Each structure stands twice: as C-alpha cells, then as structure tokens.
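upload16.pdb follows (PDB, C-alpha atoms):
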ATOM      1  CA  MET R   1      -4.008-111.507 -38.594
ATOM      2  CA  GLU R   2      -2.975-113.270 -41.808
ATOM      3  CA  GLU R   3      -4.165-116.585 -40.345
ATOM      4  CA  LEU R   4      -7.343-115.106 -38.945
ATOM      5  CA  LEU R   5      -8.396-113.416 -42.172
ATOM      6  CA  PRO R   6      -6.451-114.584 -45.235
ATOM      7  CA  GLU R   7      -6.231-112.090 -48.103
ATOM      8  CA  SER R   8      -8.024-114.422 -50.479
ATOM      9  CA  VAL R   9     -11.050-114.571 -48.165
ATOM     10  CA  LEU R  10     -11.074-110.786 -47.842
ATOM     11  CA  ARG R  11     -10.806-110.432 -51.607
ATOM     12  CA  ASP R  12     -13.706-112.850 -52.177
ATOM     13  CA  ALA R  13     -15.875-111.135 -49.563
ATOM     14  CA  VAL R  14     -15.219-107.668 -50.992
ATOM     15  CA  ASP R  15     -15.820-108.942 -54.520
ATOM     16  CA  LEU R  16     -19.187-110.364 -53.501
ATOM     17  CA  MET R  17     -20.191-107.154 -51.734
ATOM     18  CA  VAL R  18     -19.108-105.053 -54.733
ATOM     19  CA  ARG R  19     -21.189-107.218 -57.041
ATOM     20  CA  LEU R  20     -24.247-106.966 -54.801
ATOM     21  CA  VAL R  21     -23.970-103.188 -54.402
ATOM     22  CA  GLU R  22     -23.343-102.610 -58.122
ATOM     23  CA  ALA R  23     -26.215-104.908 -59.066
ATOM     24  CA  ALA R  24     -28.492-102.905 -56.762
ATOM     25  CA  GLY R  25     -27.352 -99.689 -58.475
ATOM     26  CA  ALA R  26     -27.935-101.169 -61.933
ATOM     27  CA  VAL R  27     -31.411-102.407 -60.925
ATOM     28  CA  ILE R  28     -32.321 -98.940 -59.625
ATOM     29  CA  ILE R  29     -31.191 -97.279 -62.874
ATOM     30  CA  PHE R  30     -33.030 -99.841 -65.021
ATOM     31  CA  VAL R  31     -36.248 -99.620 -62.977
ATOM     32  CA  GLY R  32     -36.074 -95.816 -63.147
ATOM     33  CA  ALA R  33     -35.674 -95.913 -66.928
ATOM     34  CA  VAL R  34     -38.601 -98.333 -67.373
ATOM     35  CA  TRP R  35     -40.806 -96.282 -65.020
ATOM     36  CA  ALA R  36     -39.931 -93.010 -66.800
ATOM     37  CA  PHE R  37     -40.561 -94.616 -70.190
ATOM     38  CA  ALA R  38     -44.019 -95.798 -69.091
ATOM     39  CA  ARG R  39     -44.852 -92.334 -67.698
ATOM     40  CA  PHE R  40     -43.626 -90.603 -70.882
ATOM     41  CA  VAL R  41     -45.752 -92.917 -73.038
ATOM     42  CA  ALA R  42     -48.795 -92.275 -70.813
ATOM     43  CA  ALA R  43     -48.179 -88.500 -70.872
ATOM     44  CA  GLY R  44     -47.721 -88.591 -74.658
ATOM     45  CA  ALA R  45     -50.957 -90.528 -75.106
ATOM     46  CA  ARG R  46     -52.839 -87.976 -72.991
ATOM     47  CA  GLY R  47     -51.608 -85.138 -75.214
ATOM     48  CA  GLY R  48     -49.465 -82.040 -74.968
ATOM     49  CA  GLY R  49     -49.334 -78.876 -72.936
ATOM     50  CA  ARG R  50     -48.500 -80.386 -69.555
ATOM     51  CA  SER R  51     -44.949 -79.196 -69.204
ATOM     52  CA  ARG R  52     -45.060 -79.534 -65.397
ATOM     53  CA  THR R  53     -45.901 -83.245 -65.646
ATOM     54  CA  PHE R  54     -43.131 -83.671 -68.195
ATOM     55  CA  THR R  55     -40.542 -81.902 -66.026
ATOM     56  CA  GLY R  56     -41.719 -83.949 -63.042
ATOM     57  CA  ILE R  57     -41.042 -87.207 -64.906
ATOM     58  CA  ARG R  58     -37.559 -85.993 -65.923
ATOM     59  CA  LEU R  59     -36.881 -84.967 -62.353
ATOM     60  CA  SER R  60     -37.809 -88.442 -61.093
ATOM     61  CA  LEU R  61     -35.654 -90.108 -63.757
ATOM     62  CA  GLY R  62     -32.753 -87.886 -62.686
ATOM     63  CA  ARG R  63     -33.320 -88.893 -59.062
ATOM     64  CA  PHE R  64     -33.267 -92.599 -59.989
ATOM     65  CA  LEU R  65     -30.019 -92.084 -61.931
ATOM     66  CA  ALA R  66     -28.429 -90.193 -59.037
ATOM     67  CA  LEU R  67     -29.464 -92.914 -56.571
ATOM     68  CA  GLY R  68     -28.108 -95.682 -58.828
ATOM     69  CA  LEU R  69     -24.877 -93.711 -59.185
ATOM     70  CA  GLU R  70     -24.524 -93.437 -55.413
ATOM     71  CA  PHE R  71     -24.726 -97.229 -55.188
ATOM     72  CA  GLN R  72     -22.120 -97.617 -57.933
ATOM     73  CA  LEU R  73     -19.845 -95.142 -56.161
ATOM     74  CA  ALA R  74     -20.259 -97.178 -52.985
ATOM     75  CA  GLY R  75     -19.104-100.202 -55.003
ATOM     76  CA  ASP R  76     -16.041 -98.225 -56.154
ATOM     77  CA  VAL R  77     -15.187 -97.297 -52.586
ATOM     78  CA  LEU R  78     -15.481-100.958 -51.576
ATOM     79  CA  ARG R  79     -13.247-101.952 -54.484
ATOM     80  CA  THR R  80     -10.456 -99.713 -53.227
ATOM     81  CA  ALA R  81     -10.175-102.112 -50.261
ATOM     82  CA  VAL R  82      -8.468-104.585 -52.611
ATOM     83  CA  ALA R  83      -6.924-103.283 -55.819
ATOM     84  CA  PRO R  84      -3.916-105.382 -56.760
ATOM     85  CA  SER R  85      -2.498-103.698 -59.864
ATOM     86  CA  PHE R  86      -1.823-100.133 -60.964
ATOM     87  CA  THR R  87      -3.986-100.670 -64.065
ATOM     88  CA  GLU R  88      -6.940-101.589 -61.876
ATOM     89  CA  ILE R  89      -6.334 -98.628 -59.592
ATOM     90  CA  GLY R  90      -6.167 -96.302 -62.619
ATOM     91  CA  GLN R  91      -9.393 -97.723 -64.037
ATOM     92  CA  LEU R  92     -11.069 -97.380 -60.690
ATOM     93  CA  ALA R  93      -9.947 -93.751 -60.396
ATOM     94  CA  ALA R  94     -11.261 -92.959 -63.901
ATOM     95  CA  ILE R  95     -14.646 -94.573 -63.235
ATOM     96  CA  ALA R  96     -14.963 -92.952 -59.809
ATOM     97  CA  ALA R  97     -14.093 -89.559 -61.348
ATOM     98  CA  ILE R  98     -16.728 -89.998 -64.079
ATOM     99  CA  ARG R  99     -19.364 -91.077 -61.597
ATOM    100  CA  THR R 100     -18.569 -88.278 -59.159
ATOM    101  CA  ALA R 101     -18.677 -85.655 -61.934
ATOM    102  CA  LEU R 102     -21.948 -87.050 -63.270
ATOM    103  CA  ASN R 103     -23.439 -87.144 -59.795
ATOM    104  CA  PHE R 104     -22.502 -83.480 -59.346
ATOM    105  CA  PHE R 105     -24.029 -82.441 -62.684
ATOM    106  CA  LEU R 106     -27.152 -84.531 -62.083
ATOM    107  CA  GLY R 107     -27.618 -82.949 -58.682
ATOM    108  CA  ARG R 108     -27.315 -79.498 -60.229
ATOM    109  CA  GLU R 109     -29.769 -80.338 -63.016
ATOM    110  CA  ILE R 110     -32.267 -81.740 -60.506
ATOM    111  CA  ALA R 111     -32.033 -78.527 -58.469
ATOM    112  CA  GLN R 112     -32.502 -76.398 -61.610
ATOM    113  CA  GLU R 113     -35.552 -78.381 -62.737
ATOM    114  CA  ARG R 114     -37.060 -78.248 -59.274
ATOM    115  CA  GLU R 115     -36.646 -74.458 -59.349
ATOM    116  CA  GLU R 116     -38.301 -74.391 -62.769
ATOM    117  CA  ILE R 117     -41.312 -76.315 -61.420
ATOM    118  CA  GLU R 118     -41.553 -73.987 -58.419
ATOM    119  CA  ARG R 119     -41.369 -70.926 -60.674
ATOM    120  CA  GLU R 120     -44.083 -72.318 -62.940
ATOM    121  CA  ARG R 121     -46.282 -73.082 -59.936
ATOM    122  CA  ASP R 122     -45.791 -69.546 -58.586
ATOM    123  CA  ARG R 123     -46.623 -68.065 -61.988
ATOM    124  CA  GLU R 124     -49.824 -70.140 -62.150
ATOM    125  CA  ARG R 125     -50.764 -69.082 -58.628
ATOM    126  CA  ASP R 126     -50.225 -65.401 -59.517
ATOM    127  CA  ARG R 127     -52.218 -65.748 -62.721
ATOM    128  CA  GLY R 128     -55.031 -67.746 -61.091
ATOM    129  CA  PRO R 129     -57.113 -65.146 -59.143
ATOM    130  CA  GLY R 130     -56.998 -62.582 -61.975
ATOM    131  CA  ARG R 131     -58.342 -65.087 -64.455
ATOM    132  CA  GLU R 132     -61.109 -66.155 -62.050
ATOM    133  CA  ALA R 133     -62.203 -62.560 -61.530
ATOM    134  CA  ALA R 134     -62.261 -61.898 -65.260
ATOM    135  CA  GLY R 135     -64.244 -65.090 -65.857
ATOM    136  CA  ALA R 136     -66.825 -64.195 -63.167
ATOM    137  CA  ARG R 137     -67.835 -60.896 -64.755
ATOM    138  CA  PRO R 138     -67.011 -60.993 -68.440
ATOM    139  CA  GLY R 139     -68.595 -57.658 -69.301
ATOM    140  CA  THR R 140     -67.100 -55.492 -66.542
ATOM    141  CA  PRO R 141     -64.361 -53.106 -67.561
ATOM    142  CA  PRO R 142     -61.021 -53.412 -65.763
ATOM    143  CA  ARG R 143     -60.590 -51.092 -62.740
TER     144      ARG R 143
ATOM    145  CA  MET G   1     -23.519-110.377 -65.253
ATOM    146  CA  THR G   2     -21.835-108.327 -67.989
ATOM    147  CA  ALA G   3     -24.084-109.828 -70.676
ATOM    148  CA  VAL G   4     -27.196-109.000 -68.647
ATOM    149  CA  LEU G   5     -25.961-105.446 -68.089
ATOM    150  CA  HIS G   6     -25.246-104.995 -71.791
ATOM    151  CA  SER G   7     -28.734-106.255 -72.686
ATOM    152  CA  ALA G   8     -30.238-103.902 -70.112
ATOM    153  CA  ALA G   9     -28.208-100.993 -71.531
ATOM    154  CA  LEU G  10     -29.429-101.844 -75.034
ATOM    155  CA  ALA G  11     -33.034-101.982 -73.790
ATOM    156  CA  VAL G  12     -32.651 -98.578 -72.106
ATOM    157  CA  THR G  13     -31.195 -97.100 -75.332
ATOM    158  CA  ALA G  14     -34.183 -98.462 -77.277
ATOM    159  CA  MET G  15     -36.573 -97.048 -74.672
ATOM    160  CA  GLY G  16     -34.873 -93.669 -75.015
ATOM    161  CA  LEU G  17     -35.317 -93.685 -78.780
ATOM    162  CA  LEU G  18     -38.969 -94.712 -78.418
ATOM    163  CA  ALA G  19     -39.627 -92.149 -75.678
ATOM    164  CA  VAL G  20     -38.612 -89.190 -77.872
ATOM    165  CA  LEU G  21     -41.975 -89.033 -79.677
ATOM    166  CA  PRO G  22     -44.232 -89.228 -76.568
ATOM    167  CA  ALA G  23     -41.909 -86.762 -74.823
ATOM    168  CA  PHE G  24     -42.274 -84.368 -77.752
ATOM    169  CA  ARG G  25     -46.061 -84.750 -77.617
ATOM    170  CA  ALA G  26     -46.120 -84.219 -73.852
ATOM    171  CA  SER G  27     -43.781 -81.219 -73.713
ATOM    172  CA  GLY G  28     -44.365 -79.666 -77.127
ATOM    173  CA  SER G  29     -40.693 -78.845 -77.607
ATOM    174  CA  ILE G  30     -37.992 -80.765 -79.462
ATOM    175  CA  ARG G  31     -35.435 -79.385 -76.991
ATOM    176  CA  SER G  32     -37.049 -81.226 -74.071
ATOM    177  CA  ALA G  33     -37.528 -84.396 -76.135
ATOM    178  CA  LEU G  34     -33.810 -84.405 -76.986
ATOM    179  CA  ALA G  35     -32.957 -83.898 -73.313
ATOM    180  CA  VAL G  36     -35.036 -87.002 -72.519
ATOM    181  CA  LEU G  37     -33.127 -89.042 -75.115
ATOM    182  CA  LEU G  38     -29.842 -87.887 -73.562
ATOM    183  CA  ASP G  39     -31.087 -88.863 -70.092
ATOM    184  CA  PHE G  40     -31.832 -92.384 -71.310
ATOM    185  CA  LEU G  41     -28.456 -92.610 -73.087
ATOM    186  CA  THR G  42     -26.736 -91.582 -69.850
ATOM    187  CA  ALA G  43     -28.635 -94.313 -67.997
ATOM    188  CA  ALA G  44     -27.448 -96.836 -70.612
ATOM    189  CA  GLY G  45     -23.852 -95.598 -70.226
ATOM    190  CA  LEU G  46     -24.064 -96.004 -66.457
ATOM    191  CA  LEU G  47     -25.398 -99.553 -66.819
ATOM    192  CA  ARG G  48     -22.471-100.370 -69.119
ATOM    193  CA  LEU G  49     -20.053 -99.028 -66.516
ATOM    194  CA  ALA G  50     -21.324-101.429 -63.847
ATOM    195  CA  GLY G  51     -19.781-104.888 -63.635
ATOM    196  CA  ASP G  52     -16.279-105.302 -65.059
ATOM    197  CA  PRO G  53     -15.658-102.239 -67.189
ATOM    198  CA  SER G  54     -12.909-102.053 -69.792
ATOM    199  CA  TRP G  55     -11.043 -98.883 -70.767
ATOM    200  CA  ASP G  56     -13.197 -98.747 -73.924
ATOM    201  CA  SER G  57     -16.464 -98.717 -71.992
ATOM    202  CA  VAL G  58     -15.046 -96.125 -69.574
ATOM    203  CA  ALA G  59     -14.069 -93.898 -72.516
ATOM    204  CA  LEU G  60     -17.455 -94.440 -74.168
ATOM    205  CA  ALA G  61     -19.366 -93.554 -71.016
ATOM    206  CA  ALA G  62     -17.216 -90.459 -70.509
ATOM    207  CA  ALA G  63     -17.819 -89.403 -74.136
ATOM    208  CA  VAL G  64     -21.607 -89.876 -73.837
ATOM    209  CA  ILE G  65     -21.676 -87.886 -70.613
ATOM    210  CA  ALA G  66     -19.506 -85.106 -72.112
ATOM    211  CA  VAL G  67     -21.732 -84.896 -75.214
ATOM    212  CA  ARG G  68     -24.828 -84.931 -73.011
ATOM    213  CA  LYS G  69     -23.485 -82.106 -70.890
ATOM    214  CA  LEU G  70     -22.489 -80.101 -73.983
ATOM    215  CA  VAL G  71     -25.856 -80.542 -75.704
ATOM    216  CA  THR G  72     -27.840 -79.842 -72.522
ATOM    217  CA  THR G  73     -25.858 -76.635 -71.916
ATOM    218  CA  GLY G  74     -26.215 -75.672 -75.584
ATOM    219  CA  LEU G  75     -29.976 -76.257 -75.536
ATOM    220  CA  ARG G  76     -30.370 -74.333 -72.295
ATOM    221  CA  THR G  77     -28.410 -71.372 -73.689
ATOM    222  CA  ALA G  78     -30.308 -71.459 -76.984
ATOM    223  CA  GLY G  79     -33.616 -71.540 -75.118
ATOM    224  CA  ARG G  80     -32.946 -68.224 -73.348
TER     225      ARG G  80
END

Show how you would write the structure in this file as structure tokens.
Amino acid sequence: MEELLPESVLRDAVDLMVRLVEAAGAVIIFVGAVWAFARFVAAGARGGGRSRTFTGIRLSLGRFLALGLEFQLAGDVLRTAVAPSFTEIGQLAAIAAIRTALNFFLGREIAQEREEIERERDRERDRGPGREAAGARPGTPPR
Amino acid sequence: MTAVLHSAALAVTAMGLLAVLPAFRASGSIRSALAVLLDFLTAAGLLRLAGDPSWDSVALAAAVIAVRKLVTTGLRTAGR
C-alpha cells in the first residue's frame, strides 16, 4: 500500500483538496457579503419602512455565511485525514468547534428571522381586508 | 492565499461599516443596523479563519463570534 500510494502523495492531494474546498467557502462568504452590501445600499437609497425587505436581506446573508461555513467544515474534515502533530490537531479541533457552534447559532437565527417574516406576513394579511373595507366606505359606522 | 483572504476580510469589514447607515435607513432601528454590522464582522472573521490560521486568528474569530452572540442576545432581550 505504501508503494501504491506514498504518504507524501496523499498529503499533497489532501492539501490541494482542502485548499480548493476552503477557497470555495471563502468565495461564497465574500460574494454573499458583497451582494448583501449592494442590497442594503439599494434598500437604504429607496428609504425606510420596509422591515420585511431588510430582514430578507439579512436572512440571505445568513444563508450565504452558513453555506460558506459548511464548505470550511468540509475542509476541516478533509484535513483530519492527515494531521501530523498534536498542535495541528488541537488547532483543527478549535477551529472545527468554532465553526460548528457558529453554524448552529446561524441556523437558529435564520429560523427565528424566517418566523419573524412569516408572522409579519400573517399580520399584514389579517390587517388587509379590514383596511380595504374601511377605505371603501369611509363614512359608514363600524358594525 | 492568506494575503488575499486578509484583504477580502478587510474589505468585508469596511463594507459592514459602510452598510450600517443604509441599514439604519432601511430598517429604521439602530438595533437592526448594529446586527448587520455584526453579521459583516462575523463574515470577516470566517474569511480570516480560512487558509492557514494561527492561534491568534482562531482566538480573534472566537472572540468576535462570542461578542456577536452576546450583543445579538442582548439586543433581542432589550427589544422585547
């Protein structure tokens, strides 16, 4: 086996894969940040009062971050294939722990914000018909 | 690659600082604008963690994420 696949070749291959996967994760995070920035600037230029649009942008940014994190975690898992020293293993464990915790919190925040959007939409739907009826006959007293 | 990642992290931090004002205008609350800044700072921390991270950058990213979590929880509690 040693002759078929020398450790140095395995190490190089894993290193290359880790770099590719981590670069993909970094690109996703960067693109998400740029996209969210552009949307925030556009929303700010249009003016205030659109909290649903604002929450939607934050939700998308959170999704980009979570996706980038998943890629980086995949890189960590790949790295465990070859980890020569205890220092490297410790570092890897710390980074993986941070990323896993952040992924968990991000997932929770995304779920909370999605609920918030749903609640707001429901509230608007409930408020909608009443307002229409009042607008149709402004002088009629309420029944 | 590390230099590129650091530049990207710096750019994301700058974007976060610049996005606070439009976010405040769009949402109408300083709480949400601050949350946006913290989101961008988290993104920058994650970019710094990619590549070949040192113990310092690991500690820094952990600190940013802890502060972010603390402030977000604080803001959410204060908002109720």

Just the residues within 12 Å of Val71 in chain G, please, counting only C-alpha atoms, with nothing from its chain fewer than 2 positions along; format it as a list in words.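 The neighbour list is Arg31, Ser32, Leu34, Ala35, Val36, Leu37, Leu38, Asp39, Val64, Ile65, Ala66, Val67, Arg68, Lys69, Thr73, Gly74, Leu75, Arg76, Thr77, Ala78 and Gly79 of chain G.
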
Selected residues written out, C-alpha atoms, as a JSON list (two decimals), in the coordinates of the input:
[["chain", "number", "residue", "atom", "x", "y", "z"],
["G", 31, "ARG", "CA", -35.44, -79.39, -76.99],
["G", 32, "SER", "CA", -37.05, -81.23, -74.07],
["G", 34, "LEU", "CA", -33.81, -84.40, -76.99],
["G", 35, "ALA", "CA", -32.96, -83.90, -73.31],
["G", 36, "VAL", "CA", -35.04, -87.00, -72.52],
["G", 37, "LEU", "CA", -33.13, -89.04, -75.11],
["G", 38, "LEU", "CA", -29.84, -87.89, -73.56],
["G", 39, "ASP", "CA", -31.09, -88.86, -70.09],
["G", 64, "VAL", "CA", -21.61, -89.88, -73.84],
["G", 65, "ILE", "CA", -21.68, -87.89, -70.61],
["G", 66, "ALA", "CA", -19.51, -85.11, -72.11],
["G", 67, "VAL", "CA", -21.73, -84.90, -75.21],
["G", 68, "ARG", "CA", -24.83, -84.93, -73.01],
["G", 69, "LYS", "CA", -23.48, -82.11, -70.89],
["G", 73, "THR", "CA", -25.86, -76.64, -71.92],
["G", 74, "GLY", "CA", -26.22, -75.67, -75.58],
["G", 75, "LEU", "CA", -29.98, -76.26, -75.54],
["G", 76, "ARG", "CA", -30.37, -74.33, -72.30],
["G", 77, "THR", "CA", -28.41, -71.37, -73.69],
["G", 78, "ALA", "CA", -30.31, -71.46, -76.98],
["G", 79, "GLY", "CA", -33.62, -71.54, -75.12]]

Residues of chain R within 8 Å of chain G, counting only C-alpha atoms, as number ranges by chain: R: 19, 22-23, 26, 29-30, 33-34, 37, 40-51, 54, 58, 61-62, 65, 69, 72, 91, 94-95, 98, 102

Separation of CA of Ala36 in chain R and CA of Ser60 in chain R, in Å? 7.6 Å

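If all atoms listed in the file are the atoms counted, then among R:Glu70, R:Thr87, R:Arg125, R:Glu120 the closest residue to Leu106 in chain R is R:Glu70.
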
Provide the CA of Leu20 in chain R to CA of Leu73 in chain R distance in Å, to one decimal place.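 Between CA of Leu20 in chain R and CA of Leu73 in chain R the gap is 12.7 Å.
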
Any idea what's packed within 10 Å of Val82 in chain R, counting only C-alpha atoms, ignoring anything in its chain fewer than 3 positions away? Could you give it as a PyMOL selection string? chain R and resi 7+10-12+14-15+77-79+85+88-89
